[in-house]
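Before any comments, here is the structure.
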Amino acid sequence: MLTTRPPESRHGARVLSAIAAVITSLGGAASAASPEGAFSNASQPLVQAFLKTSCLECHAAEEPEAGVRLDDLPFQITTVEIAERWQKVLNVLNSGEMPPEDKPRPDEKAKREVLAALSRALVVARKTIGDQGRTTLVRRLNRREYRHTLRDLLGIDLDAAGVDTSSLPDDTGTAAFDTIGSGLFMSSDQFEQYLAIGRAAIEAAASDWPRPGAPKPERKTVRREAETQARKRIEALYKNYFLGGFNKAKEWEASGGKSPKEFGFPDEAEARFRMLQYERHGPYLERFLKMPHADTGAYLMLATGNYHHAEEIAVPATAPPGDYLLRVRIGATAHAPPLRRFMEFGVGGEKGDDESGFKAIDTFQVTGTIDQPQVIEIPVRVSAHGPRAWHVREKRYNDVAADQFRNALAKAANGVGLEHALWIDWVEWEGPIPRASPSPIRKHVFDGLAAKGQESDLAKTILRRFATLAFRGAAPSREFLDRLLTVYKTKRDAGAEPIEAIREPMAVILASPGFLYLADPLAEAGPGGRRLSARELATRLSYFLWSAPPDDELLALVASGELSNPDVLAKQVERMLAHEKSRDFAAGFTHQWLGLDRLDFFRFDYELFPDFDEATREAAKHEVYETFHALVTGNLDARTLLKSDFVVVNGLLAAYYGLDDGGSPVIGDAFRVVKLPKESPRGGLLGMAAILAMGSNGERTSPVERGAWVLRKLMNDPPPPAPPNVPQLTRLESKEITTRERLWMHQEQAQCNQCHRVIDPIGFGLENFDAAGRWRTEEHFYGRGWVVKGELAGKVVKKSWSIEPAGAFHGGPAFKDSFELRQQIATRHGDAFARGLIENLFAYALGRPVSFADTDTLDALARTAKDNDYRLRDILQAIVASDEFHTK
Amino acid sequence: MEKPVSRRTILRAAGSTIALPLFASLGPARSARAAAATARPKRMVFLGFGWGVTNETWFPDRNSTGAGYALPEGLKPLERHKDRFTVIQGLSNKFTTEAHWGSTFWLTGANRYGEPGKSFTNSISADQVAAAAFGDATRFASLQCGTLDAANSGHGPGLSLAWDSRGRPLAALDTPVHVFHRLFSGESQSLAERQALLAAQESVLDAVRADAARVKKGLSTADADKLDEYLQSIRDIETRLAKEKQWLTVPKPKPEGLIEPAASMPGHDEIKVMYDLVAAALQADATRVITYRQPVGTLLKGLGINVAPHDMSHYQPGERMEASKKRDAKQSALLAGLLDRLQAIKEPDGTSLLDHTTVAYGSNIRSIHYLDNCPTLVAGGGSGIRLGEHVVVADKTPLANLWLTLLRGAGVQAERHGDSTGVITEITG
């Protein structure tokens, strides 16, 4: 491993020779590279020859056409200007603009190779030129870390307390990871958001601080029987509006021309409308009322009308703030299919329409029955400005149109409408529930104010302690404290009690740089970098493994100086990875590493994928996080992600995959390891719904997206980014042809073919998974509308084909289906995959892009990991132990 | 790096340059007369719509230029304003290669890889150049409107269309409600209350600045530069507070009939209401420079189109192309609505607000993955360009040339902008 830095510029010859090493180490990613730069030994002569035959006749010295001279274009791409000149060459070749039409066509094969070489050279050159070296910039907390830091500091869950941080930028998109400082910006609006969120969070945390002289809040339990509201309302609606209206309208019809007014209708249209309304909704509501147990509870409906699509649990405004428990007694009907035995819990969605915005907080599997219902208990925190009303509903798309579609299908099949799946006996709330031990902040503030002494001294002490906690152990300056005291006094002068007034300067602390930025100003930073102080190390470590600040134990080891002992450090890594908070690392890292944000880009077609609703997609994402986490905690081979004989799922995903655990159903909302039967296509990232679904557009699979993803993430051989201005071929749209035939046109032109010959075959190999990640053997071309066959209904299928997954890696072996594809990636590309993973973990941990100057460090990490079967927890240990992790 | 400037310095500086409060202190009647006597101020509005347009149906026929051109299908809803705007073909940002970034470099023309050692750089956007020139005269130097749907709308990195002089993203107000409150509320408090509030805000800024001084000690230059973003954001707030102080006694004029918008609404309503607020902001002279990074995802959803925006942009004949066309038509109709409003608002001298406003409407993405011939429409008389025409300029003329042309036309003394090579003489004079 490197212990000293390269002596001179990071963009000089030294870096460029390092590129060659990187390319070679990618393992077949590129042919052997020449030491001089972005073009490989093999590709440079190809490009030279191509320029000579197709470009230089016009674009050479003396009087170059259009002033564009290519004969002096250096093959060493060392500056932005040279890169731009090459980019122009690539652009005009891609767009087909050059060579001009009246000149001889270049050989397609040569053009393809040149395009491939040029695209790759520019990717490498951009990385070289953009290399920020090994400097980790001071950075602010990203949104995830900010949330977790507030959680740990204040002892409250922001979601449960209704503190909304969605107004902050999510900090992804510019850099590869949200831990990389150069992609984390700051603006005046954002500063004000921090201040506002800090106030809200302090308020939520302080909501049950005892007021001097106030009586102890009374703990209450209030239960509401579901039938008392839902049933009564629907009964009245049915009897008066629907059935009543229908009967009256029938009477009018039979009356032989009497005025509709005599029957209570303003005109004839209304009378006819009411008959229609009854036909539409009457049977459905009638069945609801006649269902067994409809008198002791209420069935949940989908949003087919504003009936009983959700049950509300509301804590009244008169109840004091604090911790509460919500409970629902619920059961599933006997015939409810497995995927309809889930309850969503969230806020909003009162009207059941899109606009009232249901926001799910959690999903629960319903294991109770109507005879033996279960009680689901959910903790919440009530604060002055947070929510006081929540909803539970059947898991479903957050789109009324989807419910209407499902109901219409069911009605076409059974004449009434969708069967009920869930039944609620009662709902209740209990609270406020006193905490077993008061939160540290509360104790701290309350005891601080109760102590003896001058008020301003007491306030200052509280603020000093709080700032030290918020600054992860760093002491605030005297001037800062003086200024905070001014803020406090301003509040006091305006009439606030001390316990109220202290909150404002506390919120200011949460918007100050000492809290928001991970920086340690006390140590001197030299030009060649320096060792981290113990406190900096603890901070870097805890934001790496927890996305959260160091806890008391870590800070104690900082104070005692023991953290610098490698054994102590390694033990801490074990402890931290075993802690619940390491799930935040697993989620934050894998989400960005694998690009899971793409899953949210699409609206999934509810007609084609009725089960792939928001909750299922969320569970599918968690499968990825939880699998990674299981590999970390179990210290398993990272290559397990390529292929495994188990999955990590919860009840919802098991139901979606149709899996059981050796014959017994997988029950519950916690994720766990489930062994797979031999013939299962699942196991490894390529069997996960989230990964497969992001390789689609929500309706059709996208072999291109899937293939490119496999190259980028699993084979560590990213294709160049999609080039702009390549002419799109559109003549095959809306023809009844297979996806494979549709993409055949990629073979027609060199601009497309140079990349797609590598990408597409891999994607085709995964075609047995549909756009929502379900297994299929046929591909369909759908027509408009839907058909009913007995109890089942679905979209009209105009044409079907058998899936043909067989293919071959470009320049590599053939595979006959996704099983072989997966197997070959696992056996042939395991090292490349692990290398990519290590590079990504390294960048995430250090908060900077991987530099060419890191090559030696990464080589060493990869070698050690390989000798140790790529055990994932050990890889994390090695990164933490590396010199780079201890250096700023 | 800039030298730390105390807020007091800024207050003094601001006091000497802000003209309008003095103006307003003359009393409404006199200030109106005074205003009428001078030339009407110029305003600039930039509207960016991310995912481009339908290539086949949005652009006029390239062979039919000048005033007599026929409006294509995608621009048809703008028929009644045809003599108030010009469509320009042939413009593009030569450095942009990111096929999904419709807004990041649209107003800047920057080279993402322009600075060695960085994998992303940007530079000042045209609106901020205008804001620097016009901003002192109004309560808000500029207004950035945006949408919560930005990630889904093909805009690329950034927080709004606007980037400051160091190429850092400026945040947007992402809902009409936010914009409404920023522009028009706060009048319910008494003067003393608002003064107390400002004083309290100043003491908050003093506190965090004190902490910044501690953190900054001993940081390397690069680190200090990063932390400087924080200090800059504090300075920005101080500039704004200084301004608010100047404007404390000037009421926030609220155009009649304007009410607080709903918290959430379908995309087309969101754009319509935002356009209403844009018109209201200009009418009230709350600001003279506005950008709006528009929603596309919720727009489609609101139109009942169940196609993901990205896929719609990659249309091929069939359902997705129809969706793309519907999007064009709706966006054009909404723009026509904005032009209606600007046209209807009368300036004190009897001319219309639109006569003094430049409305630039477009995207860095043409359609699909095409980044050349960026769709560009300029309306209004604010820059004195020729209107009512279809102009085809030489292929690959920098978009920055247009921004430079518009800025100069509006009276901004700009030598160049982004990668500009000059002004577009085809639309001047």
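Ordering of the structure tokens sets the chain letters (A, B, ...); residue numbers start at 1 within each chain; ligands are numbered from 1 in the order shown.
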
Members of region 61-178 of chain B assigned helix (DSSP H, G or I) by DSSP, as a PyMOL selection string: chain B and resi 73-84+126-137+150-152+176-178

Any chance you could export the current selection's C-alpha atoms as a compact mmCIF listing (two decimals), in the first residue's frame?
```txt
# COMPACT_ATOMS: atom_id res chain seq x y z
CA GLU B 73 -48.85 21.54 -35.23
CA GLY B 74 -46.90 21.74 -31.98
CA LEU B 75 -46.97 25.55 -31.94
CA LYS B 76 -50.53 25.96 -33.22
CA PRO B 77 -51.96 26.94 -29.84
CA LEU B 78 -49.72 30.05 -30.04
CA GLU B 79 -51.39 31.23 -33.26
CA ARG B 80 -52.94 34.33 -31.71
CA HIS B 81 -49.51 35.53 -30.61
CA LYS B 82 -47.72 34.70 -33.84
CA ASP B 83 -46.52 38.26 -34.40
CA ARG B 84 -45.23 38.46 -30.83
CA ALA B 126 -27.89 34.21 -18.58
CA ASP B 127 -30.63 35.08 -16.09
CA GLN B 128 -28.09 35.72 -13.35
CA VAL B 129 -26.19 38.03 -15.66
CA ALA B 130 -29.43 39.96 -16.04
CA ALA B 131 -30.11 39.77 -12.30
CA ALA B 132 -26.74 41.36 -11.58
CA ALA B 133 -27.70 44.24 -13.83
CA PHE B 134 -31.37 44.70 -12.90
CA GLY B 135 -31.55 43.18 -9.44
CA ASP B 136 -30.86 46.25 -7.36
CA ALA B 137 -34.04 47.92 -8.47
CA ALA B 150 -37.65 17.98 -11.51
CA ALA B 151 -35.92 14.60 -11.27
CA ASN B 152 -38.50 13.15 -13.63
CA PRO B 176 -46.61 27.75 -6.55
CA VAL B 177 -47.43 28.06 -2.84
CA HIS B 178 -43.79 28.76 -2.05
```

Exercise: Ala284 (chain B) partners within 7 Å, only C-alpha atoms, chain neighbours under 4 positions left out, as a PyMOL selection string: chain B and resi 253-255+280

Atomic distance CA of Thr138 (chain B) - CA of Ala344 (chain B), expressed in Å with one decimal: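 Computed distance, CA of Thr138 (chain B) to CA of Ala344 (chain B), equals 21.9 Å.
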
Option closest in space to chain B, from A:Lys643, A:Arg828, A:Arg740, A:Arg483 [counting only C-alpha atoms]: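 Nearest to chain B: A:Arg483.
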
Residues within 7 Å of Ile424 (chain B), only C-alpha atoms, excluding chain neighbours under 5 positions, as a ChimeraX atom specification: /B:401-402,405

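Candidate residues A:His420, A:Arg531, A:Arg223, A:Arg472 were compared for distance to Pro549 (chain A), and the nearest is A:Arg472, using only C-alpha atoms.
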
Spatial neighbours of Ala410 (chain B), 8 Å, only C-alpha atoms, chain gap at least 2 places, as a PyMOL selection string: chain B and resi 42-43+382-384+406-408+412

Coordinates-based distance that separates CA of Ala620 (chain A) from CA of Asp597 (chain A) (Å, one decimal):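 Distance reported for this atom pair: 12.5 Å.
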
10 Å contact set for Pro718 (chain A), only C-alpha atoms, chain neighbours under 6 positions out, as a list in words: Ala29, Arg120, Val123, Ala708, Trp709, Val710, Leu711, Arg712 and Ile759 of chain A

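From CA of Glu192 (chain A) back to CA of Glu244 (chain B), the distance works out to 15.6 Å.
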
DSSP strand (DSSP E) residues within region 187-321 of chain B, listed as a list of chain:residue names: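 Reading the DSSP output for region 187-321 of chain B, strand (DSSP E) covers B:Val289, B:Ile290, B:Thr291, B:Tyr292, B:Arg293.
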
Selected residues written out, C-alpha atoms, as a short mmCIF file (atom, residue, chain, number, x, y, z; two decimals), in the first residue's frame:
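What follows is the written file part-v7.cif:
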```
data_model
loop_
_atom_site.label_atom_id
_atom_site.label_comp_id
_atom_site.auth_asym_id
_atom_site.auth_seq_id
_atom_site.Cartn_x
_atom_site.Cartn_y
_atom_site.Cartn_z
CA VAL B 289 -35.65 38.29 -13.81
CA ILE B 290 -37.42 34.95 -13.54
CA THR B 291 -36.51 31.40 -14.46
CA TYR B 292 -38.85 28.45 -14.35
CA ARG B 293 -37.73 24.84 -14.59
#
```

Dump as a tab-separated table the rows for residues of region 327-417 of chain A within 12 Å of region 303-322 of chain B: closest atom pair and distance in Å with one decimal, only C-alpha atoms counted, ordered by chain and rising residue number.
```
residue	atom	partner	partner_atom	distance
A:Asp399	CA	B:Asn306	CA	11.3
A:Ala401	CA	B:Gly304	CA	10.0
A:Ala402	CA	B:Asn306	CA	11.4
```

Distance criterion (only C-alpha atoms): nearest to Asp613 (chain A) out of A:Lys258, A:Arg340, A:Lys816, A:His293: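 Between A:Lys258, A:Arg340, A:Lys816, A:His293, the residue approaching Asp613 (chain A) most closely is A:Arg340.
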
Nearest-residue call for Gly114 (chain B), choices A:Glu81, A:Asp152, A:Glu377, A:Glu253, using only C-alpha atoms: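 Of all the options, A:Glu81 lies closest to Gly114 (chain B).
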
Spatial neighbours of Leu858 (chain A), max dist 9 Å, only C-alpha atoms, sep filter under 5 positions, as a PyMOL selection string: chain A and resi 1+835+838-839+842+863
